[in-house]
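As structure tokens, the structure follows; a few thoughts come after it.
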Amino acid sequence: MRAQFNGVWKTPGAAGKNVDYRLAFNRKGSFFTGLTRTVTRADVAEVKLGFGASVTGAKGQVHITPLDERGMNVGIQDPQVQNLPQSTTHYLTTADVRWSWTAAQLGAGGEVRMLYSKDLVTYKPGSTHTLRFNTGVVGPDRAAGSPEEQGAERTGDFISARIPLFNDGSGNLGSSIVTSGFARLESGGRVLGEGPATDWLSTEVPAASAPYRLTVEASRSAGDTSTSTKVTGVWTFTSARPTTDRTMRLPLSTVRFAPKLSLRGTAPAGSTLTVPLKLSGAAAAAGQVATLKVNVSYDGGRTWKPLTVTTNPQGARSVTVKHPATAKAVSFRVDLKDRGGNTVRETIMNAYRLAP
């Protein structure tokens with residue numbers, strides 16, 4: 001027998017408009033026969049939540065779910081639809097509770113157009129956290145979610161791959177409705193398999209060692225977003241049939257751009273912005289980067305200018321972007337090669353907008 005009591009408390013009026021208290025208590029062995037708790041600030045965690053949107057009139061929902069140690073919970077009413085972007089503060093109980101977050105941007109008919117998730121977070125009493133969804137730069141990130149949700153692998157003579165292109169700048173796993181796109185696996189100039197950009201692509205390949213090229217590309221509706229409107233990733237690697245029956249992970253890498261942007265996905269025109277580069281996948285291990293080049297465009301990809309990649313004493317990489325006063329948006333193209341000869345090129349159009 002497992003039981004859970006949970007609830008949400010809010011203070012009426014303007015002062016408490018964007019603050020709520022989410023308390024959950026789990027019980028094992030029998031149902032509650034009564035429940036009395038006194039909760040103080042020292043018992044809860046504070047989470048400052050920002051849910052971004054880059055178009056006007058956007059709507060969204062945030063599901064905040066308390067779970068026990070086995071991932072179980074009782075049913076919770078769907079949250080209210082909110083105007084986006086939104087900033088809220090939540091106080092969450094911490095004892096024997098884990099929290100799951102899901103943020104959905106909705107379409108005009110209430111359908112989900114974008115979805116971001118952060119699962120099974122354990123908070124310490126008295127701690128303070130910042131959590132952002134749907135803020136730039138949205139793009140590929142091998143570290144988002146679990147290995148079962150994305151990546152590329154080979155079993156025998158089959159290669160399967162899925163690289164989500166719309167994870168947000170905070171590293172949350174994301175998905176999005178796309179207007180066009182594809183995933184394609186090639187070798188020796190021959191197309192071995194092709195399918196939708198948003199699904200797993202699984203195709204039979206030759207047993208012998210061969211070079212491969214995986215391309216994933218997708219575009220999004222201007223009604224949904226004005227940032228990361230088109231994202232393309234091209235990976236090259238070499239693979240042969242594994243010597244065992246085990247599934248082998250393939251050496252794909254990604255670079256996530258993680259600048260501090262507004263909830264509308266903007267930075268000031270005419271300003272200078274530091275953009276951290278977060279590597280994941282095969283090239284993220286120490287000493288595995290052979291080359292890393294970043295180019296920027298202020299005219300929708302018609303012309304590109306190289307940026308200098310710097311590395312601080314702790315090994316963190318970044319680029320500095322000087323925004324022209326008259327530019328409207330910033331696009332990025334990054335080329336990465338690891339020590340094993342595997343490469344990736346990511347192109348993110350309208351990675352973020354520039355505000356006057």
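Every chain in the structure tokens has a letter given in the order shown (A, B, ...), and although residue numbers restart at 1 in each chain, ligands are simply numbered from 1 in the order shown.
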
Enumerate as an mmCIF file with N, CA, C and O atoms, in the first residue's frame all residues of segment 24-198 of chain A assigned to strand (DSSP E or B) by DSSP on the backbone, naming them with the chain letters and numbers the document uses.
data_model
loop_
_atom_site.group_PDB
_atom_site.id
_atom_site.type_symbol
_atom_site.label_atom_id
_atom_site.label_comp_id
_atom_site.auth_asym_id
_atom_site.auth_seq_id
_atom_site.Cartn_x
_atom_site.Cartn_y
_atom_site.Cartn_z
ATOM 1 N N ALA A 24 3.899 17.904 -0.665
ATOM 2 C CA ALA A 24 3.557 16.502 -0.929
ATOM 3 C C ALA A 24 4.149 15.634 0.170
ATOM 4 O O ALA A 24 5.288 15.837 0.592
ATOM 5 N N PHE A 25 3.351 14.648 0.617
ATOM 6 C CA PHE A 25 3.783 13.728 1.665
ATOM 7 C C PHE A 25 3.429 12.314 1.244
ATOM 8 O O PHE A 25 2.295 12.038 0.854
ATOM 9 N N ASN A 26 4.410 11.433 1.298
ATOM 10 C CA ASN A 26 4.225 10.038 0.906
ATOM 11 C C ASN A 26 4.164 9.145 2.135
ATOM 12 O O ASN A 26 4.776 9.426 3.175
ATOM 13 N N ARG A 27 3.430 8.018 1.992
ATOM 14 C CA ARG A 27 3.274 7.071 3.096
ATOM 15 C C ARG A 27 3.278 5.650 2.529
ATOM 16 O O ARG A 27 2.697 5.405 1.468
ATOM 17 N N LYS A 28 3.965 4.746 3.206
ATOM 18 C CA LYS A 28 4.026 3.351 2.794
ATOM 19 C C LYS A 28 3.397 2.461 3.859
ATOM 20 O O LYS A 28 3.469 2.749 5.041
ATOM 21 N N VAL A 44 11.577 23.579 2.840
ATOM 22 C CA VAL A 44 11.229 23.531 1.425
ATOM 23 C C VAL A 44 12.376 24.069 0.566
ATOM 24 O O VAL A 44 13.301 24.712 1.062
ATOM 25 N N ALA A 45 12.288 23.796 -0.728
ATOM 26 C CA ALA A 45 13.209 24.353 -1.709
ATOM 27 C C ALA A 45 12.492 25.428 -2.510
ATOM 28 O O ALA A 45 11.299 25.310 -2.806
ATOM 29 N N GLU A 46 13.216 26.481 -2.841
ATOM 30 C CA GLU A 46 12.669 27.549 -3.675
ATOM 31 C C GLU A 46 13.148 27.356 -5.106
ATOM 32 O O GLU A 46 14.346 27.237 -5.345
ATOM 33 N N VAL A 47 12.202 27.321 -6.046
ATOM 34 C CA VAL A 47 12.539 27.188 -7.460
ATOM 35 C C VAL A 47 11.948 28.376 -8.208
ATOM 36 O O VAL A 47 10.733 28.549 -8.256
ATOM 37 N N LYS A 48 12.833 29.188 -8.775
ATOM 38 C CA LYS A 48 12.406 30.321 -9.597
ATOM 39 C C LYS A 48 12.333 29.828 -11.042
ATOM 40 O O LYS A 48 13.352 29.504 -11.651
ATOM 41 N N LEU A 49 11.132 29.783 -11.576
ATOM 42 C CA LEU A 49 10.880 29.204 -12.891
ATOM 43 C C LEU A 49 10.647 30.298 -13.923
ATOM 44 O O LEU A 49 9.861 31.219 -13.703
ATOM 45 N N GLY A 50 11.331 30.169 -15.062
ATOM 46 C CA GLY A 50 11.069 31.018 -16.207
ATOM 47 C C GLY A 50 10.691 30.151 -17.397
ATOM 48 O O GLY A 50 11.408 29.212 -17.735
ATOM 49 N N PHE A 51 9.569 30.429 -18.016
ATOM 50 C CA PHE A 51 9.089 29.686 -19.178
ATOM 51 C C PHE A 51 9.018 30.673 -20.328
ATOM 52 O O PHE A 51 8.171 31.557 -20.364
ATOM 53 N N LYS A 59 0.767 30.664 -25.394
ATOM 54 C CA LYS A 59 0.172 30.100 -24.202
ATOM 55 C C LYS A 59 0.928 28.834 -23.805
ATOM 56 O O LYS A 59 1.545 28.170 -24.647
ATOM 57 N N GLY A 60 0.861 28.488 -22.512
ATOM 58 C CA GLY A 60 1.567 27.292 -22.085
ATOM 59 C C GLY A 60 1.052 26.730 -20.775
ATOM 60 O O GLY A 60 0.254 27.359 -20.072
ATOM 61 N N GLN A 61 1.487 25.521 -20.476
ATOM 62 C CA GLN A 61 1.183 24.845 -19.219
ATOM 63 C C GLN A 61 2.464 24.267 -18.640
ATOM 64 O O GLN A 61 3.321 23.789 -19.382
ATOM 65 N N VAL A 62 2.558 24.297 -17.300
ATOM 66 C CA VAL A 62 3.687 23.685 -16.613
ATOM 67 C C VAL A 62 3.141 22.641 -15.646
ATOM 68 O O VAL A 62 2.380 22.970 -14.730
ATOM 69 N N HIS A 63 3.499 21.384 -15.865
ATOM 70 C CA HIS A 63 3.115 20.299 -14.970
ATOM 71 C C HIS A 63 4.257 20.073 -13.972
ATOM 72 O O HIS A 63 5.389 19.798 -14.378
ATOM 73 N N ILE A 64 3.951 20.202 -12.682
ATOM 74 C CA ILE A 64 4.933 19.998 -11.614
ATOM 75 C C ILE A 64 4.415 18.860 -10.753
ATOM 76 O O ILE A 64 3.429 19.012 -10.025
ATOM 77 N N THR A 65 5.063 17.699 -10.835
ATOM 78 C CA THR A 65 4.505 16.472 -10.273
ATOM 79 C C THR A 65 5.390 15.916 -9.169
ATOM 80 O O THR A 65 6.574 15.661 -9.385
ATOM 81 N N PRO A 66 4.835 15.694 -7.955
ATOM 82 C CA PRO A 66 5.602 15.058 -6.884
ATOM 83 C C PRO A 66 5.552 13.533 -6.999
ATOM 84 O O PRO A 66 4.493 12.952 -7.246
ATOM 85 N N LEU A 67 6.688 12.874 -6.797
ATOM 86 C CA LEU A 67 6.800 11.429 -6.938
ATOM 87 C C LEU A 67 7.475 10.834 -5.710
ATOM 88 O O LEU A 67 8.311 11.484 -5.069
ATOM 89 N N GLN A 82 -1.426 29.370 -19.111
ATOM 90 C CA GLN A 82 -0.864 30.662 -18.741
ATOM 91 C C GLN A 82 -0.366 31.393 -19.981
ATOM 92 O O GLN A 82 -0.025 30.778 -20.998
ATOM 93 N N ASN A 83 -0.291 32.716 -19.878
ATOM 94 C CA ASN A 83 0.338 33.511 -20.919
ATOM 95 C C ASN A 83 1.851 33.347 -20.832
ATOM 96 O O ASN A 83 2.420 33.294 -19.742
ATOM 97 N N GLN A 86 6.452 33.534 -18.872
ATOM 98 C CA GLN A 86 6.009 33.700 -17.498
ATOM 99 C C GLN A 86 7.168 33.450 -16.549
ATOM 100 O O GLN A 86 8.078 32.674 -16.821
ATOM 101 N N SER A 87 7.102 34.139 -15.413
ATOM 102 C CA SER A 87 8.072 33.943 -14.332
ATOM 103 C C SER A 87 7.296 33.639 -13.055
ATOM 104 O O SER A 87 6.403 34.403 -12.681
ATOM 105 N N THR A 88 7.601 32.535 -12.417
ATOM 106 C CA THR A 88 6.903 32.122 -11.206
ATOM 107 C C THR A 88 7.913 31.606 -10.189
ATOM 108 O O THR A 88 9.027 31.215 -10.534
ATOM 109 N N THR A 89 7.499 31.596 -8.930
ATOM 110 C CA THR A 89 8.324 31.058 -7.849
ATOM 111 C C THR A 89 7.534 29.972 -7.145
ATOM 112 O O THR A 89 6.356 30.171 -6.803
ATOM 113 N N HIS A 90 8.168 28.830 -6.944
ATOM 114 C CA HIS A 90 7.519 27.684 -6.317
ATOM 115 C C HIS A 90 8.328 27.227 -5.108
ATOM 116 O O HIS A 90 9.562 27.162 -5.163
ATOM 117 N N TYR A 91 7.615 26.921 -4.028
ATOM 118 C CA TYR A 91 8.238 26.343 -2.835
ATOM 119 C C TYR A 91 7.788 24.892 -2.728
ATOM 120 O O TYR A 91 6.583 24.612 -2.672
ATOM 121 N N LEU A 92 8.734 23.967 -2.711
ATOM 122 C CA LEU A 92 8.447 22.541 -2.812
ATOM 123 C C LEU A 92 8.955 21.803 -1.582
ATOM 124 O O LEU A 92 10.069 22.059 -1.106
ATOM 125 N N THR A 93 8.151 20.860 -1.096
ATOM 126 C CA THR A 93 8.629 20.006 -0.010
ATOM 127 C C THR A 93 9.776 19.131 -0.506
ATOM 128 O O THR A 93 9.888 18.812 -1.689
ATOM 129 N N ARG A 98 10.471 13.421 -4.872
ATOM 130 C CA ARG A 98 11.180 13.848 -6.068
ATOM 131 C C ARG A 98 10.175 14.536 -6.985
ATOM 132 O O ARG A 98 8.997 14.176 -7.007
ATOM 133 N N TRP A 99 10.672 15.498 -7.760
ATOM 134 C CA TRP A 99 9.786 16.330 -8.559
ATOM 135 C C TRP A 99 10.090 16.192 -10.042
ATOM 136 O O TRP A 99 11.249 16.156 -10.456
ATOM 137 N N SER A 100 9.033 16.126 -10.838
ATOM 138 C CA SER A 100 9.136 16.053 -12.288
ATOM 139 C C SER A 100 8.497 17.300 -12.890
ATOM 140 O O SER A 100 7.415 17.723 -12.454
ATOM 141 N N TRP A 101 9.175 17.884 -13.894
ATOM 142 C CA TRP A 101 8.713 19.109 -14.528
ATOM 143 C C TRP A 101 8.455 18.860 -16.010
ATOM 144 O O TRP A 101 9.273 18.249 -16.685
ATOM 145 N N THR A 102 7.352 19.373 -16.507
ATOM 146 C CA THR A 102 7.060 19.338 -17.934
ATOM 147 C C THR A 102 6.463 20.683 -18.330
ATOM 148 O O THR A 102 5.503 21.141 -17.698
ATOM 149 N N ALA A 103 7.039 21.312 -19.355
ATOM 150 C CA ALA A 103 6.555 22.608 -19.827
ATOM 151 C C ALA A 103 6.147 22.478 -21.282
ATOM 152 O O ALA A 103 6.928 22.017 -22.120
ATOM 153 N N ALA A 104 4.916 22.871 -21.579
ATOM 154 C CA ALA A 104 4.371 22.731 -22.934
ATOM 155 C C ALA A 104 3.914 24.080 -23.457
ATOM 156 O O ALA A 104 3.121 24.764 -22.790
ATOM 157 N N GLN A 105 4.404 24.472 -24.630
ATOM 158 C CA GLN A 105 3.846 25.617 -25.332
ATOM 159 C C GLN A 105 2.722 25.105 -26.220
ATOM 160 O O GLN A 105 2.887 24.122 -26.940
ATOM 161 N N LEU A 106 1.580 25.792 -26.169
ATOM 162 C CA LEU A 106 0.374 25.310 -26.824
ATOM 163 C C LEU A 106 0.045 26.118 -28.072
ATOM 164 O O LEU A 106 0.408 27.297 -28.188
ATOM 165 N N VAL A 112 -0.282 20.664 -28.083
ATOM 166 C CA VAL A 112 1.106 20.890 -27.692
ATOM 167 C C VAL A 112 1.946 21.115 -28.945
ATOM 168 O O VAL A 112 1.982 20.289 -29.846
ATOM 169 N N ARG A 113 2.658 22.257 -28.973
ATOM 170 C CA ARG A 113 3.540 22.577 -30.095
ATOM 171 C C ARG A 113 5.013 22.363 -29.741
ATOM 172 O O ARG A 113 5.816 22.024 -30.595
ATOM 173 N N MET A 114 5.355 22.608 -28.495
ATOM 174 C CA MET A 114 6.707 22.358 -27.995
ATOM 175 C C MET A 114 6.588 21.758 -26.609
ATOM 176 O O MET A 114 5.681 22.105 -25.840
ATOM 177 N N LEU A 115 7.524 20.871 -26.271
ATOM 178 C CA LEU A 115 7.457 20.191 -24.983
ATOM 179 C C LEU A 115 8.863 20.030 -24.429
ATOM 180 O O LEU A 115 9.765 19.565 -25.132
ATOM 181 N N TYR A 116 9.051 20.416 -23.166
ATOM 182 C CA TYR A 116 10.336 20.297 -22.482
ATOM 183 C C TYR A 116 10.119 19.584 -21.154
ATOM 184 O O TYR A 116 9.061 19.723 -20.528
ATOM 185 N N SER A 117 11.122 18.834 -20.733
ATOM 186 C CA SER A 117 10.953 18.057 -19.505
ATOM 187 C C SER A 117 12.232 18.019 -18.696
ATOM 188 O O SER A 117 13.344 18.109 -19.229
ATOM 189 N N LYS A 118 12.045 17.894 -17.394
ATOM 190 C CA LYS A 118 13.137 17.684 -16.431
ATOM 191 C C LYS A 118 12.602 16.719 -15.390
ATOM 192 O O LYS A 118 11.674 17.051 -14.644
ATOM 193 N N ASP A 119 13.170 15.522 -15.340
ATOM 194 C CA ASP A 119 12.588 14.444 -14.546
ATOM 195 C C ASP A 119 13.333 14.187 -13.247
ATOM 196 O O ASP A 119 14.561 14.306 -13.170
ATOM 197 N N LEU A 120 12.563 13.832 -12.236
ATOM 198 C CA LEU A 120 13.061 13.230 -10.997
ATOM 199 C C LEU A 120 14.175 14.037 -10.359
ATOM 200 O O LEU A 120 15.318 13.599 -10.225
ATOM 201 N N VAL A 121 13.824 15.259 -9.930
ATOM 202 C CA VAL A 121 14.763 16.137 -9.251
ATOM 203 C C VAL A 121 14.547 16.023 -7.750
ATOM 204 O O VAL A 121 13.413 16.108 -7.266
ATOM 205 N N THR A 128 17.889 26.997 -2.958
ATOM 206 C CA THR A 128 17.295 27.889 -3.944
ATOM 207 C C THR A 128 17.799 27.508 -5.327
ATOM 208 O O THR A 128 18.999 27.255 -5.504
ATOM 209 N N HIS A 129 16.898 27.471 -6.304
ATOM 210 C CA HIS A 129 17.251 27.015 -7.649
ATOM 211 C C HIS A 129 16.598 27.914 -8.693
ATOM 212 O O HIS A 129 15.574 28.549 -8.438
ATOM 213 N N THR A 130 17.198 27.940 -9.881
ATOM 214 C CA THR A 130 16.631 28.612 -11.039
ATOM 215 C C THR A 130 16.425 27.587 -12.139
ATOM 216 O O THR A 130 17.319 26.793 -12.434
ATOM 217 N N LEU A 131 15.243 27.581 -12.734
ATOM 218 C CA LEU A 131 14.904 26.617 -13.776
ATOM 219 C C LEU A 131 14.269 27.364 -14.933
ATOM 220 O O LEU A 131 13.327 28.142 -14.734
ATOM 221 N N ARG A 132 14.800 27.116 -16.151
ATOM 222 C CA ARG A 132 14.263 27.781 -17.333
ATOM 223 C C ARG A 132 13.919 26.756 -18.397
ATOM 224 O O ARG A 132 14.675 25.805 -18.623
ATOM 225 N N PHE A 133 12.800 26.992 -19.051
ATOM 226 C CA PHE A 133 12.375 26.172 -20.182
ATOM 227 C C PHE A 133 12.170 27.058 -21.409
ATOM 228 O O PHE A 133 11.742 28.217 -21.298
ATOM 229 N N GLY A 139 18.720 23.800 -29.613
ATOM 230 C CA GLY A 139 19.472 23.054 -30.607
ATOM 231 C C GLY A 139 19.826 21.665 -30.119
ATOM 232 O O GLY A 139 19.301 21.199 -29.103
ATOM 233 N N GLY A 151 20.514 9.675 -29.481
ATOM 234 C CA GLY A 151 21.852 9.189 -29.783
ATOM 235 C C GLY A 151 21.846 8.302 -31.012
ATOM 236 O O GLY A 151 20.884 8.271 -31.790
ATOM 237 N N ALA A 152 22.946 7.581 -31.191
ATOM 238 C CA ALA A 152 23.067 6.645 -32.310
ATOM 239 C C ALA A 152 23.749 5.384 -31.807
ATOM 240 O O ALA A 152 24.661 5.443 -30.968
ATOM 241 N N GLU A 153 23.307 4.230 -32.303
ATOM 242 C CA GLU A 153 23.849 2.955 -31.842
ATOM 243 C C GLU A 153 23.815 1.941 -32.975
ATOM 244 O O GLU A 153 23.102 2.098 -33.968
ATOM 245 N N ARG A 154 24.643 0.908 -32.797
ATOM 246 C CA ARG A 154 24.692 -0.148 -33.801
ATOM 247 C C ARG A 154 24.559 -1.498 -33.125
ATOM 248 O O ARG A 154 25.243 -1.786 -32.133
ATOM 249 N N THR A 155 23.663 -2.320 -33.667
ATOM 250 C CA THR A 155 23.492 -3.708 -33.251
ATOM 251 C C THR A 155 23.589 -4.582 -34.488
ATOM 252 O O THR A 155 22.760 -4.476 -35.403
ATOM 253 N N PHE A 158 22.641 -3.227 -38.114
ATOM 254 C CA PHE A 158 21.625 -2.177 -38.086
ATOM 255 C C PHE A 158 22.139 -0.991 -37.280
ATOM 256 O O PHE A 158 22.676 -1.153 -36.179
ATOM 257 N N ILE A 159 21.974 0.190 -37.851
ATOM 258 C CA ILE A 159 22.270 1.439 -37.158
ATOM 259 C C ILE A 159 20.950 2.156 -36.900
ATOM 260 O O ILE A 159 20.107 2.293 -37.794
ATOM 261 N N SER A 160 20.770 2.612 -35.658
ATOM 262 C CA SER A 160 19.594 3.386 -35.268
ATOM 263 C C SER A 160 20.065 4.730 -34.715
ATOM 264 O O SER A 160 21.046 4.785 -33.970
ATOM 265 N N ALA A 161 19.358 5.788 -35.081
ATOM 266 C CA ALA A 161 19.771 7.120 -34.648
ATOM 267 C C ALA A 161 18.564 8.018 -34.464
ATOM 268 O O ALA A 161 17.594 7.947 -35.222
ATOM 269 N N ARG A 162 18.637 8.842 -33.435
ATOM 270 C CA ARG A 162 17.655 9.911 -33.229
ATOM 271 C C ARG A 162 18.355 11.033 -32.480
ATOM 272 O O ARG A 162 18.832 10.837 -31.358
ATOM 273 N N ASN A 167 16.383 20.849 -28.135
ATOM 274 C CA ASN A 167 16.601 20.944 -26.699
ATOM 275 C C ASN A 167 16.907 22.407 -26.353
ATOM 276 O O ASN A 167 17.521 23.123 -27.146
ATOM 277 N N LEU A 173 15.663 18.382 -22.224
ATOM 278 C CA LEU A 173 15.241 17.639 -23.402
ATOM 279 C C LEU A 173 13.971 18.253 -23.967
ATOM 280 O O LEU A 173 13.011 18.509 -23.228
ATOM 281 N N GLY A 174 13.967 18.502 -25.278
ATOM 282 C CA GLY A 174 12.817 19.148 -25.886
ATOM 283 C C GLY A 174 12.380 18.490 -27.176
ATOM 284 O O GLY A 174 13.129 17.739 -27.812
ATOM 285 N N SER A 175 11.158 18.765 -27.562
ATOM 286 C CA SER A 175 10.622 18.329 -28.846
ATOM 287 C C SER A 175 9.758 19.454 -29.386
ATOM 288 O O SER A 175 9.296 20.321 -28.643
ATOM 289 N N SER A 176 9.527 19.434 -30.694
ATOM 290 C CA SER A 176 8.791 20.516 -31.324
ATOM 291 C C SER A 176 8.083 20.005 -32.567
ATOM 292 O O SER A 176 8.581 19.113 -33.260
ATOM 293 N N SER A 180 8.869 21.017 -41.743
ATOM 294 C CA SER A 180 9.568 20.193 -42.723
ATOM 295 C C SER A 180 10.830 19.655 -42.074
ATOM 296 O O SER A 180 11.285 20.178 -41.053
ATOM 297 N N GLY A 181 11.383 18.617 -42.670
ATOM 298 C CA GLY A 181 12.621 18.070 -42.139
ATOM 299 C C GLY A 181 12.804 16.620 -42.522
ATOM 300 O O GLY A 181 11.912 15.971 -43.077
ATOM 301 N N PHE A 182 13.999 16.094 -42.200
ATOM 302 C CA PHE A 182 14.315 14.713 -42.527
ATOM 303 C C PHE A 182 15.503 14.252 -41.708
ATOM 304 O O PHE A 182 16.264 15.060 -41.159
ATOM 305 N N ALA A 183 15.651 12.951 -41.593
ATOM 306 C CA ALA A 183 16.853 12.303 -41.085
ATOM 307 C C ALA A 183 17.334 11.363 -42.174
ATOM 308 O O ALA A 183 16.534 10.603 -42.734
ATOM 309 N N ARG A 184 18.643 11.378 -42.474
ATOM 310 C CA ARG A 184 19.168 10.598 -43.596
ATOM 311 C C ARG A 184 20.529 10.010 -43.223
ATOM 312 O O ARG A 184 21.397 10.723 -42.713
ATOM 313 N N LEU A 185 20.706 8.731 -43.502
ATOM 314 C CA LEU A 185 21.989 8.063 -43.294
ATOM 315 C C LEU A 185 22.558 7.679 -44.654
ATOM 316 O O LEU A 185 21.892 7.017 -45.453
ATOM 317 N N GLU A 186 23.815 8.093 -44.900
ATOM 318 C CA GLU A 186 24.475 7.828 -46.174
ATOM 319 C C GLU A 186 25.831 7.169 -45.938
ATOM 320 O O GLU A 186 26.438 7.327 -44.868
ATOM 321 N N SER A 187 26.308 6.488 -46.957
ATOM 322 C CA SER A 187 27.655 5.923 -46.946
ATOM 323 C C SER A 187 28.119 5.768 -48.384
ATOM 324 O O SER A 187 27.371 5.248 -49.235
ATOM 325 N N ARG A 190 25.829 6.917 -51.143
ATOM 326 C CA ARG A 190 24.567 6.196 -51.335
ATOM 327 C C ARG A 190 23.679 6.372 -50.105
ATOM 328 O O ARG A 190 24.144 6.241 -48.967
ATOM 329 N N VAL A 191 22.408 6.672 -50.311
ATOM 330 C CA VAL A 191 21.452 6.825 -49.211
ATOM 331 C C VAL A 191 21.028 5.436 -48.738
ATOM 332 O O VAL A 191 20.464 4.654 -49.509
ATOM 333 N N LEU A 192 21.283 5.161 -47.451
ATOM 334 C CA LEU A 192 20.923 3.860 -46.884
ATOM 335 C C LEU A 192 19.560 3.886 -46.203
ATOM 336 O O LEU A 192 18.877 2.865 -46.137
ATOM 337 N N GLY A 193 19.192 5.031 -45.677
ATOM 338 C CA GLY A 193 17.911 5.138 -44.995
ATOM 339 C C GLY A 193 17.523 6.584 -44.814
ATOM 340 O O GLY A 193 18.386 7.468 -44.697
ATOM 341 N N GLU A 194 16.212 6.837 -44.811
ATOM 342 C CA GLU A 194 15.717 8.196 -44.646
ATOM 343 C C GLU A 194 14.367 8.153 -43.962
ATOM 344 O O GLU A 194 13.583 7.221 -44.173
ATOM 345 N N GLY A 195 14.087 9.167 -43.127
ATOM 346 C CA GLY A 195 12.819 9.217 -42.421
ATOM 347 C C GLY A 195 12.599 10.587 -41.819
ATOM 348 O O GLY A 195 13.351 11.535 -42.083
#

Show which residues sit within 10 Å of Arg256 of chain A, as a list in words. Count only C-alpha atoms, and ignore same-chain residues fewer than 6 positions away.
-> Gly136, Val137, Val138, Gly139, Pro140, Asp141, Arg142, Ala143, Asn167, Asp168, Gly169, Ser170, Gly171, Val275, Pro276, Leu277, Lys278, Leu279, Ser280, Val334 and Glu346 of chain A

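Ranking A:Gly145, A:Leu84, A:Asp157, A:Thr343 by their shortest atom-to-atom distance to Thr247 of chain A, with only C-alpha atoms included, puts A:Asp157 first.
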
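What separates atom CA of Val296 of chain A from atom CA of Lys337 of chain A is a distance of 18.4 Å.
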
Given only C-alpha atoms as the counted atoms, nearest of A:Ser127, A:Asn342, A:Thr227, A:Thr272 to Leu214 of chain A =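 Once distances to Leu214 of chain A are computed over only C-alpha atoms, the minimum belongs to A:Asn342.
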
For Leu261 of chain A: contacts at 10 Å, only C-alpha atoms, fewer than 3 positions along chain excluded, given as a list of chain:residue names =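 Non-adjacent residues within range: A:Gly52, A:Thr135, A:Gly136, A:Val137, A:Gly169, A:Ala258, A:Arg264, A:Gly265, A:Thr266, A:Ala267, A:Pro268, A:Leu273, A:Val275, A:Tyr352, A:Arg353, A:Leu354.
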
Just the residues within 12 Å of Gln288 of chain A, please, counting only C-alpha atoms, with nothing from its chain fewer than 3 positions along; format it as a ChimeraX atom specification.
-> /A:251,253,279-285,291-292,336-343

Quick one: everything within 8 Å of Ala325 of chain A, counting only C-alpha atoms, minus sequence neighbours fewer than 4 positions away in the same chain. Send it as a ChimeraX atom specification.
-> /A:269-271,356

Can those selected residues be exported to a file as a PDB file, in the first residue's frame so that it contains N, CA, C and O atoms?
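Output below, filename out_35.pdb:
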ATOM      1  N   ALA A 269      20.688  44.567 -29.078  1.00  0.00           N
ATOM      2  CA  ALA A 269      21.478  44.937 -30.257  1.00  0.00           C
ATOM      3  C   ALA A 269      22.562  45.921 -29.841  1.00  0.00           C
ATOM      4  O   ALA A 269      22.379  46.726 -28.929  1.00  0.00           O
ATOM      5  N   GLY A 270      23.711  45.848 -30.504  1.00  0.00           N
ATOM      6  CA  GLY A 270      24.814  46.742 -30.192  1.00  0.00           C
ATOM      7  C   GLY A 270      25.595  46.364 -28.951  1.00  0.00           C
ATOM      8  O   GLY A 270      26.528  47.078 -28.570  1.00  0.00           O
ATOM      9  N   SER A 271      25.241  45.241 -28.316  1.00  0.00           N
ATOM     10  CA  SER A 271      25.917  44.818 -27.089  1.00  0.00           C
ATOM     11  C   SER A 271      26.903  43.695 -27.388  1.00  0.00           C
ATOM     12  O   SER A 271      26.995  43.201 -28.509  1.00  0.00           O
ATOM     13  N   PRO A 356      16.131  46.138 -29.852  1.00  0.00           N
ATOM     14  CA  PRO A 356      16.693  47.502 -29.877  1.00  0.00           C
ATOM     15  C   PRO A 356      17.090  47.967 -28.479  1.00  0.00           C
ATOM     16  O   PRO A 356      16.485  47.566 -27.493  1.00  0.00           O
TER      17      PRO A 356
END

Got a sec: who's within 9 Å of Ser239 of chain A, counting only C-alpha atoms, leaving out chain neighbours fewer than 5 positions off, as a count of residues only?
-> 8

Atom CA of Gly315 of chain A to atom CA of Gly301 of chain A, straight-line distance in Å =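 Interatomic distance here is 29.6 Å.
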